[in-house]
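input13.cif follows (mmCIF, C-alpha atoms and all ligand atoms):
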data_coords
#
loop_
_atom_site.group_PDB
_atom_site.id
_atom_site.type_symbol
_atom_site.label_atom_id
_atom_site.label_comp_id
_atom_site.auth_asym_id
_atom_site.auth_seq_id
_atom_site.Cartn_x
_atom_site.Cartn_y
_atom_site.Cartn_z
ATOM 1 C CA MET A 166 0.000 0.000 0.000
ATOM 2 C CA THR A 167 1.318 3.472 -0.881
ATOM 3 C CA ARG A 168 1.595 5.564 2.261
ATOM 4 C CA HIS A 169 1.318 9.344 2.203
ATOM 5 C CA VAL A 170 2.223 11.802 4.951
ATOM 6 C CA LEU A 171 0.177 15.005 4.859
ATOM 7 C CA GLU A 172 0.057 15.345 8.647
ATOM 8 C CA VAL A 173 2.157 13.832 11.398
ATOM 9 C CA ASP A 174 -0.757 11.712 12.635
ATOM 10 C CA ASP A 175 -0.708 9.834 9.332
ATOM 11 C CA LEU A 176 1.872 7.895 11.355
ATOM 12 C CA ALA A 177 0.772 5.774 14.313
ATOM 13 C CA PRO A 178 2.711 6.297 17.575
ATOM 14 C CA LEU A 179 4.897 3.220 17.036
ATOM 15 C CA GLU A 180 5.551 4.203 13.406
ATOM 16 C CA LEU A 181 6.604 7.642 14.604
ATOM 17 C CA THR A 182 9.131 6.046 16.948
ATOM 18 C CA THR A 183 10.370 3.900 14.052
ATOM 19 C CA VAL A 184 10.861 7.010 11.884
ATOM 20 C CA LEU A 185 12.870 8.693 14.668
ATOM 21 C CA ASP A 186 14.965 5.543 15.135
ATOM 22 C CA LEU A 187 15.578 5.348 11.371
ATOM 23 C CA ALA A 188 16.626 9.013 11.445
ATOM 24 C CA GLU A 189 19.455 7.985 13.777
ATOM 25 C CA ARG A 190 20.858 5.334 11.408
ATOM 26 C CA ALA A 191 24.409 6.372 10.591
ATOM 27 C CA ASP A 192 24.739 4.179 7.499
ATOM 28 C CA PRO A 193 21.294 4.184 5.914
ATOM 29 C CA PRO A 194 20.394 1.600 3.259
ATOM 30 C CA GLN A 195 20.425 3.088 -0.242
ATOM 31 C CA VAL A 196 16.688 2.734 -0.813
ATOM 32 C CA LEU A 197 16.735 5.452 -3.479
ATOM 33 C CA ALA A 198 19.647 4.079 -5.528
ATOM 34 C CA GLY A 199 18.933 4.855 -9.175
ATOM 35 C CA ARG A 200 15.684 6.592 -8.249
ATOM 36 C CA GLY A 201 14.527 10.128 -7.655
ATOM 37 C CA MET A 202 12.276 12.333 -5.569
ATOM 38 C CA ALA A 203 10.426 15.317 -6.994
ATOM 39 C CA LEU A 204 10.235 18.344 -4.685
ATOM 40 C CA LEU A 205 7.675 21.006 -5.606
ATOM 41 C CA PHE A 206 7.744 24.425 -3.979
ATOM 42 C CA GLU A 207 4.878 26.906 -4.348
ATOM 43 C CA LYS A 208 6.468 28.997 -1.548
ATOM 44 C CA PRO A 209 10.047 29.897 -0.569
ATOM 45 C CA SER A 210 12.143 27.394 1.394
ATOM 46 C CA LEU A 211 15.672 27.221 2.731
ATOM 47 C CA ARG A 212 15.738 24.390 5.283
ATOM 48 C CA THR A 213 13.119 22.086 3.796
ATOM 49 C CA ARG A 214 14.575 22.082 0.317
ATOM 50 C CA ASN A 215 18.178 21.633 1.440
ATOM 51 C CA ALA A 216 17.352 19.084 4.143
ATOM 52 C CA THR A 217 15.209 16.987 1.818
ATOM 53 C CA GLU A 218 17.554 17.170 -1.172
ATOM 54 C CA MET A 219 20.464 16.065 1.017
ATOM 55 C CA ALA A 220 18.414 13.273 2.615
ATOM 56 C CA VAL A 221 17.541 11.945 -0.846
ATOM 57 C CA ILE A 222 21.223 12.006 -1.816
ATOM 58 C CA GLN A 223 22.179 10.240 1.438
ATOM 59 C CA LEU A 224 19.756 7.450 0.435
ATOM 60 C CA GLY A 225 21.448 7.105 -2.956
ATOM 61 C CA GLY A 226 18.790 9.011 -4.890
ATOM 62 C CA HIS A 227 18.510 12.126 -7.019
ATOM 63 C CA PRO A 228 16.302 15.067 -5.988
ATOM 64 C CA VAL A 229 14.580 17.206 -8.621
ATOM 65 C CA SER A 230 13.403 20.490 -7.109
ATOM 66 C CA LEU A 231 10.829 22.557 -8.977
ATOM 67 C CA ARG A 232 9.727 26.119 -8.170
ATOM 68 C CA ALA A 233 6.141 27.310 -8.595
ATOM 69 C CA GLY A 234 6.719 29.155 -11.861
ATOM 70 C CA GLU A 235 8.415 26.173 -13.474
ATOM 71 C CA VAL A 236 5.375 23.940 -13.010
ATOM 72 C CA ASP A 237 2.411 26.334 -12.553
ATOM 73 C CA MET A 238 0.419 23.627 -10.773
ATOM 74 C CA GLY A 239 -3.283 24.366 -11.114
ATOM 75 C CA GLY A 240 -2.624 26.721 -14.042
ATOM 76 C CA ARG A 241 -0.666 24.891 -16.727
ATOM 77 C CA GLU A 242 -2.137 21.583 -15.542
ATOM 78 C CA PRO A 243 -4.046 20.326 -12.495
ATOM 79 C CA ALA A 244 -2.200 19.091 -9.389
ATOM 80 C CA SER A 245 -3.579 15.596 -10.014
ATOM 81 C CA ASP A 246 -1.941 15.428 -13.464
ATOM 82 C CA VAL A 247 1.329 16.739 -12.025
ATOM 83 C CA ALA A 248 1.228 13.921 -9.453
ATOM 84 C CA ARG A 249 0.396 11.304 -12.110
ATOM 85 C CA ALA A 250 3.283 12.365 -14.317
ATOM 86 C CA LEU A 251 5.817 12.662 -11.482
ATOM 87 C CA SER A 252 4.815 9.183 -10.201
ATOM 88 C CA ARG A 253 6.160 7.785 -13.500
ATOM 89 C CA TYR A 254 9.647 9.201 -12.891
ATOM 90 C CA HIS A 255 10.099 9.261 -9.139
ATOM 91 C CA ALA A 256 9.949 7.019 -6.083
ATOM 92 C CA ALA A 257 8.314 9.794 -4.034
ATOM 93 C CA ILE A 258 6.903 13.308 -4.336
ATOM 94 C CA GLY A 259 7.272 16.135 -1.823
ATOM 95 C CA ALA A 260 5.277 19.333 -2.124
ATOM 96 C CA ARG A 261 5.090 22.697 -0.336
ATOM 97 C CA VAL A 262 1.766 24.257 -1.213
ATOM 98 C CA PHE A 263 -0.475 27.174 -0.310
ATOM 99 C CA GLY A 264 -3.714 25.196 -0.001
ATOM 100 C CA HIS A 265 -3.732 21.852 1.792
ATOM 101 C CA ALA A 266 -6.372 20.619 -0.686
ATOM 102 C CA THR A 267 -3.704 20.651 -3.406
ATOM 103 C CA LEU A 268 -1.885 17.896 -1.509
ATOM 104 C CA GLN A 269 -5.105 15.900 -1.210
ATOM 105 C CA ASP A 270 -5.586 16.186 -4.985
ATOM 106 C CA MET A 271 -2.040 14.920 -5.475
ATOM 107 C CA VAL A 272 -2.564 11.993 -3.085
ATOM 108 C CA ALA A 273 -5.712 10.967 -4.962
ATOM 109 C CA ALA A 274 -3.752 10.685 -8.225
ATOM 110 C CA ALA A 275 -0.232 9.672 -7.157
ATOM 111 C CA SER A 276 1.021 6.095 -7.257
ATOM 112 C CA VAL A 277 4.067 6.894 -5.085
ATOM 113 C CA PRO A 278 4.201 8.384 -1.564
ATOM 114 C CA VAL A 279 3.349 12.093 -1.300
ATOM 115 C CA VAL A 280 5.005 13.990 1.563
ATOM 116 C CA ASN A 281 3.757 17.370 2.770
ATOM 117 C CA LEU A 282 6.665 19.813 2.827
ATOM 118 C CA LEU A 283 4.379 22.479 4.413
ATOM 119 C CA SER A 284 0.867 23.618 3.638
ATOM 120 C CA ASP A 285 -1.347 26.308 5.139
ATOM 121 C CA ARG A 286 -2.612 23.565 7.498
ATOM 122 C CA SER A 287 0.368 21.502 8.597
ATOM 123 C CA HIS A 288 4.128 20.969 8.581
ATOM 124 C CA PRO A 289 4.666 17.319 9.521
ATOM 125 C CA CYS A 290 8.338 17.094 8.484
ATOM 126 C CA GLN A 291 9.057 20.002 10.828
ATOM 127 C CA ALA A 292 7.252 18.204 13.660
ATOM 128 C CA LEU A 293 9.348 15.066 13.082
ATOM 129 C CA ALA A 294 12.525 17.151 13.352
ATOM 130 C CA ASP A 295 11.152 18.832 16.488
ATOM 131 C CA LEU A 296 10.581 15.439 18.110
ATOM 132 C CA LEU A 297 14.034 14.253 17.081
ATOM 133 C CA THR A 298 15.589 17.396 18.571
ATOM 134 C CA ILE A 299 13.702 17.028 21.857
ATOM 135 C CA ARG A 300 14.453 13.292 22.072
ATOM 136 C CA ARG A 301 18.154 13.813 21.338
ATOM 137 C CA HIS A 302 18.381 16.524 24.004
ATOM 138 C CA PHE A 303 16.325 15.004 26.829
ATOM 139 C CA GLY A 304 16.810 11.338 25.930
ATOM 140 C CA ARG A 305 13.039 10.794 25.953
ATOM 141 C CA LEU A 306 9.746 12.350 24.895
ATOM 142 C CA ALA A 307 7.029 10.909 27.117
ATOM 143 C CA GLY A 308 6.149 13.046 30.105
ATOM 144 C CA LEU A 309 7.736 16.275 28.843
ATOM 145 C CA GLN A 310 5.784 19.538 28.672
ATOM 146 C CA VAL A 311 5.861 21.712 25.572
ATOM 147 C CA ALA A 312 4.687 25.340 25.570
ATOM 148 C CA TYR A 313 3.889 26.867 22.180
ATOM 149 C CA VAL A 314 3.627 30.675 22.290
ATOM 150 C CA GLY A 315 2.252 32.626 19.329
ATOM 151 C CA ASP A 316 0.140 31.963 16.273
ATOM 152 C CA PHE A 317 -1.774 28.701 16.044
ATOM 153 C CA ASN A 318 -0.524 27.948 12.544
ATOM 154 C CA ASN A 319 0.659 24.967 10.492
ATOM 155 C CA VAL A 320 3.715 24.421 12.709
ATOM 156 C CA ALA A 321 1.668 24.702 15.916
ATOM 157 C CA ARG A 322 -0.960 22.231 14.705
ATOM 158 C CA SER A 323 1.592 19.597 13.682
ATOM 159 C CA LEU A 324 3.576 20.116 16.894
ATOM 160 C CA GLY A 325 0.458 19.476 18.993
ATOM 161 C CA LEU A 326 -0.305 16.244 17.166
ATOM 162 C CA ALA A 327 3.342 15.184 17.411
ATOM 163 C CA ALA A 328 3.216 15.849 21.159
ATOM 164 C CA GLY A 329 0.016 13.844 21.456
ATOM 165 C CA LEU A 330 1.504 10.912 19.551
ATOM 166 C CA SER A 331 4.565 11.001 21.825
ATOM 167 C CA ASP A 332 2.793 11.364 25.166
ATOM 168 C CA MET A 333 4.022 14.904 25.766
ATOM 169 C CA ALA A 334 1.704 17.565 27.196
ATOM 170 C CA ILE A 335 1.185 20.658 25.038
ATOM 171 C CA ARG A 336 0.109 24.108 26.209
ATOM 172 C CA TYR A 337 -0.730 26.793 23.689
ATOM 173 C CA ALA A 338 -0.615 30.520 24.450
ATOM 174 C CA CYS A 339 -2.170 32.518 21.608
ATOM 175 C CA PRO A 340 -3.846 35.929 21.368
ATOM 176 C CA ASP A 341 -7.625 35.998 21.117
ATOM 177 C CA GLY A 342 -8.636 35.135 17.586
ATOM 178 C CA TYR A 343 -5.330 33.417 16.761
ATOM 179 C CA GLY A 344 -5.661 30.295 18.875
ATOM 180 C CA PRO A 345 -6.861 26.759 18.142
ATOM 181 C CA GLY A 346 -10.530 25.859 17.944
ATOM 182 C CA GLU A 347 -12.069 22.832 19.600
ATOM 183 C CA ASP A 348 -11.823 21.007 16.281
ATOM 184 C CA ASP A 349 -8.061 21.559 16.397
ATOM 185 C CA LEU A 350 -7.715 20.414 20.013
ATOM 186 C CA ASP A 351 -9.995 17.373 19.864
ATOM 187 C CA PRO A 352 -7.650 15.233 17.706
ATOM 188 C CA VAL A 353 -4.812 15.957 20.153
ATOM 189 C CA ARG A 354 -7.009 15.080 23.152
ATOM 190 C CA ALA A 355 -8.081 11.913 21.352
ATOM 191 C CA LEU A 356 -4.447 10.791 21.413
ATOM 192 C CA GLY A 357 -4.672 10.783 25.204
ATOM 193 C CA THR A 358 -2.433 13.738 25.980
ATOM 194 C CA THR A 359 -3.054 16.890 27.988
ATOM 195 C CA VAL A 360 -3.642 19.943 25.803
ATOM 196 C CA THR A 361 -4.509 23.378 27.145
ATOM 197 C CA CYS A 362 -4.948 26.808 25.621
ATOM 198 C CA THR A 363 -4.546 30.214 27.253
ATOM 199 C CA THR A 364 -4.020 33.826 26.208
ATOM 200 C CA ASP A 365 -1.273 34.207 28.850
ATOM 201 C CA PRO A 366 2.237 33.217 27.655
ATOM 202 C CA ALA A 367 3.531 33.131 31.266
ATOM 203 C CA GLU A 368 0.898 30.580 32.233
ATOM 204 C CA ALA A 369 1.790 28.326 29.285
ATOM 205 C CA ALA A 370 5.542 28.620 29.867
ATOM 206 C CA ALA A 371 5.416 27.904 33.621
ATOM 207 C CA GLY A 372 7.608 24.880 34.316
ATOM 208 C CA ALA A 373 7.728 23.839 30.627
ATOM 209 C CA ASP A 374 10.594 21.718 29.294
ATOM 210 C CA VAL A 375 10.355 23.192 25.790
ATOM 211 C CA VAL A 376 9.293 26.697 24.776
ATOM 212 C CA TYR A 377 8.486 26.916 21.070
ATOM 213 C CA THR A 378 7.453 29.794 18.846
ATOM 214 C CA ASP A 379 7.056 30.585 15.147
ATOM 215 C CA VAL A 380 6.529 33.712 13.070
ATOM 216 C CA TRP A 381 3.425 35.812 13.685
ATOM 217 C CA THR A 382 2.737 36.057 9.957
ATOM 218 C CA SER A 383 3.084 32.902 7.888
ATOM 219 C CA MET A 384 3.843 32.747 4.177
ATOM 220 C CA GLY A 385 0.735 33.697 2.262
ATOM 221 C CA ALA A 386 -0.664 36.040 4.977
ATOM 222 C CA GLU A 387 1.768 38.917 4.421
ATOM 223 C CA ASP A 388 -1.028 41.471 3.960
ATOM 224 C CA GLU A 389 -2.043 40.852 7.615
ATOM 225 C CA ALA A 390 1.449 41.524 8.990
ATOM 226 C CA GLU A 391 0.766 44.934 10.519
ATOM 227 C CA ARG A 392 -2.503 43.849 12.179
ATOM 228 C CA ARG A 393 -0.809 40.740 13.504
ATOM 229 C CA ARG A 394 2.129 42.723 14.945
ATOM 230 C CA ARG A 395 -0.396 44.629 17.066
ATOM 231 C CA ALA A 396 -2.402 41.537 18.034
ATOM 232 C CA PHE A 397 0.722 39.629 19.127
ATOM 233 C CA GLU A 398 2.132 42.355 21.382
ATOM 234 C CA GLY A 399 3.178 40.664 24.633
ATOM 235 C CA PHE A 400 3.772 37.311 22.928
ATOM 236 C CA THR A 401 7.503 37.758 22.334
ATOM 237 C CA VAL A 402 9.555 34.917 23.813
ATOM 238 C CA ASP A 403 12.161 36.758 25.871
ATOM 239 C CA ASP A 404 14.459 35.991 28.805
ATOM 240 C CA GLY A 405 11.659 36.845 31.238
ATOM 241 C CA LEU A 406 9.382 34.220 29.716
ATOM 242 C CA MET A 407 12.178 31.640 29.525
ATOM 243 C CA ALA A 408 12.851 32.257 33.240
ATOM 244 C CA ARG A 409 9.334 31.001 33.981
ATOM 245 C CA ALA A 410 10.005 27.724 32.163
ATOM 246 C CA GLY A 411 11.699 24.749 33.796
ATOM 247 C CA GLU A 412 15.280 25.061 35.000
ATOM 248 C CA ASN A 413 16.543 22.943 32.075
ATOM 249 C CA ALA A 414 14.112 24.260 29.488
ATOM 250 C CA VAL A 415 15.171 24.652 25.877
ATOM 251 C CA PHE A 416 13.969 27.001 23.150
ATOM 252 C CA LEU A 417 12.859 25.808 19.708
ATOM 253 C CA HIS A 418 11.808 27.690 16.549
ATOM 254 C CA CYS A 419 11.253 26.148 13.134
ATOM 255 C CA LEU A 420 12.920 29.213 11.502
ATOM 256 C CA PRO A 421 13.089 31.622 9.776
ATOM 257 C CA ALA A 422 13.042 33.781 12.937
ATOM 258 C CA HIS A 423 12.194 37.459 13.218
ATOM 259 C CA ARG A 424 14.314 38.761 16.070
ATOM 260 C CA GLY A 425 12.422 41.418 18.016
ATOM 261 C CA GLU A 426 9.016 40.037 17.027
ATOM 262 C CA GLU A 427 8.150 36.497 18.153
ATOM 263 C CA VAL A 428 11.536 36.025 19.869
ATOM 264 C CA THR A 429 14.343 38.220 21.150
ATOM 265 C CA ALA A 430 17.878 37.847 19.807
ATOM 266 C CA ALA A 431 18.992 37.008 23.360
ATOM 267 C CA VAL A 432 16.779 33.894 23.392
ATOM 268 C CA VAL A 433 17.152 32.608 19.825
ATOM 269 C CA ASP A 434 20.917 33.176 19.916
ATOM 270 C CA GLY A 435 21.246 32.252 23.592
ATOM 271 C CA PRO A 436 22.434 29.172 25.480
ATOM 272 C CA ARG A 437 19.026 27.510 25.746
ATOM 273 C CA SER A 438 18.343 27.703 22.023
ATOM 274 C CA LEU A 439 18.577 24.469 20.032
ATOM 275 C CA VAL A 440 17.440 26.017 16.753
ATOM 276 C CA TRP A 441 20.519 25.052 14.721
ATOM 277 C CA ASP A 442 20.404 21.436 15.895
ATOM 278 C CA GLN A 443 16.701 21.571 15.080
ATOM 279 C CA ALA A 444 17.438 22.881 11.573
ATOM 280 C CA GLU A 445 20.019 20.113 11.024
ATOM 281 C CA ASN A 446 17.544 17.550 12.304
ATOM 282 C CA ARG A 447 15.191 18.433 9.432
ATOM 283 C CA MET A 448 17.594 16.425 7.244
ATOM 284 C CA HIS A 449 17.902 13.435 9.578
ATOM 285 C CA ALA A 450 14.162 13.332 10.242
ATOM 286 C CA VAL A 451 13.099 13.407 6.600
ATOM 287 C CA ARG A 452 15.727 10.770 5.794
ATOM 288 C CA GLY A 453 14.147 8.581 8.497
ATOM 289 C CA LEU A 454 10.705 9.239 7.046
ATOM 290 C CA LEU A 455 11.817 8.345 3.512
ATOM 291 C CA LEU A 456 13.458 5.154 4.792
ATOM 292 C CA PHE A 457 10.183 4.251 6.481
ATOM 293 C CA LEU A 458 8.054 5.047 3.410
ATOM 294 C CA LEU A 459 10.340 3.502 0.796
ATOM 295 C CA ALA A 460 11.995 0.510 2.471
ATOM 296 C CA ASP A 461 9.593 -2.024 0.982
ATOM 297 C CA THR A 462 9.514 -0.423 -2.486
ATOM 298 C CA VAL A 463 13.078 -1.465 -3.335
ATOM 299 C CA SER A 464 13.158 -4.228 -5.916
ATOM 300 C CA THR A 465 15.738 -6.950 -5.294
HETATM 301 N N1 LIG B 501 11.425 25.460 8.871
HETATM 302 C C1 LIG B 501 11.244 25.485 7.535
HETATM 303 O O1 LIG B 501 10.360 24.804 6.974
HETATM 304 O O2 LIG B 501 12.106 26.307 6.882
HETATM 305 P P1 LIG B 501 12.035 26.691 5.327
HETATM 306 O O3 LIG B 501 10.758 27.470 5.139
HETATM 307 O O4 LIG B 501 13.265 27.526 5.094
HETATM 308 O O5 LIG B 501 12.022 25.436 4.533
HETATM 309 N N1 LIG B 502 4.388 29.111 9.830
HETATM 310 C C1 LIG B 502 5.457 29.402 8.911
HETATM 311 C C2 LIG B 502 6.451 28.297 8.905
HETATM 312 C C3 LIG B 502 7.639 28.491 8.014
HETATM 313 C C4 LIG B 502 8.581 27.336 8.047
HETATM 314 C C5 LIG B 502 4.893 29.640 7.521
HETATM 315 O O1 LIG B 502 3.989 28.895 7.118
HETATM 316 O O2 LIG B 502 5.330 30.563 6.847
#

Starting from the coordinates I provided, produce the structure as structure tokens.
Ligand code: CP
Ligand code: NVA
Amino acid sequence: MTRHVLEVDDLAPLELTTVLDLAERADPPQVLAGRGMALLFEKPSLRTRNATEMAVIQLGGHPVSLRAGEVDMGGREPASDVARALSRYHAAIGARVFGHATLQDMVAAASVPVVNLLSDRSHPCQALADLLTIRRHFGRLAGLQVAYVGDFNNVARSLGLAAGLSDMAIRYACPDGYGPGEDDLDPVRALGTTVTCTTDPAEAAAGADVVYTDVWTSMGAEDEAERRRRAFEGFTVDDGLMARAGENAVFLHCLPAHRGEEVTAAVVDGPRSLVWDQAENRMHAVRGLLLFLLADTVST
């Protein structure tokens, strides 16, 4: 059966652990030898493109990255036809899209695994790297407390599900109007974890093991930037907020970071920040995911 990963909970808890274990393999089997992976980008990317291209190469494969204008998915031809054609050349397809529905159209037509490289709804490959970073640092996941401060966006949604799948508690602190709805929280609760939501960053950060934030304005919402800057006043992760977290708390950010907005330079560049390990772990995590998705597609 062809498996697709559009959200982190497309993996069961044990599968998630397997992906993280595979990410740690120093000498990975060359499951992509003589094969390729197509990487489509409707939006800019630094980490995701480089991490995924290098992961493909580390598995013996060849990445083909395509920018929006080169393909014009939905204009020159529908996303479903793009997925059909790419399935004939490649062992897997990755796509970063504006609308999550584009990925669903691709899944419906693809005959190889489709991996979400970020949509307006979710960022599962980021969440896998976040888990890997936390596990590498603390030596475990279960029982830890994660505080997410800021906009309930794609990164926040995937992080919550990843926490739920890993038995970590997640506390969101978001301004009114920018937080999760019950329909966002219910799937996390259903995984059996504790999930709370407040408008007070200090309350969410209290005693947390991990403090996480992301930009206030995601790609595609740039015309809201000024309104959001006002709405998110008081939600900057600074030394004062980090002081409320646990004694050994770490800071995470998917990057790119806007110093002086969602995080101060002192925190993102400070001793508790793991953001560069986290960025590196994008490569290890997606390599683990590709190993998991492609291991049984290698012909012998
Ligand atoms: N964190 C992340 O997805 O970074 P890019 O947008 O640079 O790929
Ligand atoms: N929430 C951000 C994440 C970037 C990696 C965005 O969608 O722009």

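Atom pair atom CA of A:Arg452 / atom CA of A:Ala220: separated by 4.9 Å.
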
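Comparing the minimum interatomic distances between A:Ala410 and each of A:Ala369, A:Ala257, A:Val262, A:Leu326, counting only C-alpha atoms, we find that A:Ala369 sits nearest.
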
Find the residues of chain A that sit at most 7 Å from ligand LIG 501 (chain B); for each, write down the nearest two atoms and how far apart they are in Å, to one decimal. Count only C-alpha atoms and all ligand atoms. Sort by chain, then by number going up, and give it as CSV.
residue,atom,partner,partner_atom,distance
A:Pro209,CA,B:LIG501,O3,6.2
A:Ser210,CA,B:LIG501,O5,3.7
A:Leu211,CA,B:LIG501,O4,3.4
A:Arg212,CA,B:LIG501,O5,3.9
A:Thr213,CA,B:LIG501,O5,3.6
A:Arg214,CA,B:LIG501,O5,6.0
A:Leu283,CA,B:LIG501,O1,6.9
A:Gln291,CA,B:LIG501,N1,6.3
A:Cys419,CA,B:LIG501,N1,4.3
A:Leu420,CA,B:LIG501,N1,4.8
A:Pro421,CA,B:LIG501,O2,6.1

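Those residues returned by the PyMOL selection byres (((chain A and resi 383) around 10) and not hetatm) for this file are A:Asp285, A:Asp316, A:Asn318, A:Asn319, A:Val320, A:Asp379, A:Val380, A:Trp381, A:Thr382, A:Met384, A:Gly385, A:Ala386, A:Glu387, A:Glu389, A:Ala390.
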
Long-range neighbours of stretch 399-408 of chain A as a PyMOL selection string, 12 Å cut-off, all atoms listed in the file, 3 positions minimum in chain
chain A and resi 312-316+337-341+343+363-381+393-396+411-418+422-438

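Computed from the coordinates, the atom CA of A:Leu296 to atom CA of A:Ala334 distance equals 12.9 Å.
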
Give as a short mmCIF file (atom, residue, chain, number, x, y, z; two decimals) with C-alpha atoms, in the frame of the given file the residues that the PyMOL selection byres (((chain A and resi 231) around 10) and not hetatm) matches when applied to the coordinates above.
data_model
loop_
_atom_site.label_atom_id
_atom_site.label_comp_id
_atom_site.auth_asym_id
_atom_site.auth_seq_id
_atom_site.Cartn_x
_atom_site.Cartn_y
_atom_site.Cartn_z
CA ALA A 203 10.43 15.32 -6.99
CA LEU A 204 10.24 18.34 -4.68
CA LEU A 205 7.68 21.01 -5.61
CA PHE A 206 7.74 24.42 -3.98
CA GLU A 207 4.88 26.91 -4.35
CA PRO A 228 16.30 15.07 -5.99
CA VAL A 229 14.58 17.21 -8.62
CA SER A 230 13.40 20.49 -7.11
CA ARG A 232 9.73 26.12 -8.17
CA ALA A 233 6.14 27.31 -8.60
CA GLY A 234 6.72 29.16 -11.86
CA GLU A 235 8.41 26.17 -13.47
CA VAL A 236 5.38 23.94 -13.01
CA ASP A 237 2.41 26.33 -12.55
CA ALA A 260 5.28 19.33 -2.12
#

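Note that the spacing between atom CA of A:Gln269 and atom CA of A:Arg286 amounts to 11.9 Å.
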
Using the chain letters and numbers from this file, what does the PyMOL selection byres (((chain A and resi 272-279) around 9) and not hetatm) select? Give the answer as a PyMOL selection string.
chain A and resi 167-171+244-253+255-260+267-271+280-281+458-459

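When all atoms listed in the file are used to compute distances to A:Thr182, the closest of the residues A:Asp351, A:His449, A:Thr361, A:Leu306 turns out to be A:Leu306.
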
A:Met448, A:Leu439, A:Leu197, A:Leu455 ranked by distance to A:Thr298, top pick (using all atoms listed in the file):
A:Leu439

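Candidate residues A:Gly342, A:Met333, A:Phe263, A:Pro289 were compared for distance to A:Arg354, and the nearest is A:Met333, using only C-alpha atoms.
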
Take every atom of ligand LIG 502 (chain B) listed in the file, fit an axis-aligned box around them, add 3 Å per side, and give the centre and edge lengths in Å to one decimal as lines of an AutoDock Vina configuration file.
center_x = 6.3
center_y = 28.9
center_z = 8.3
size_x = 10.6
size_y = 9.2
size_z = 9.0
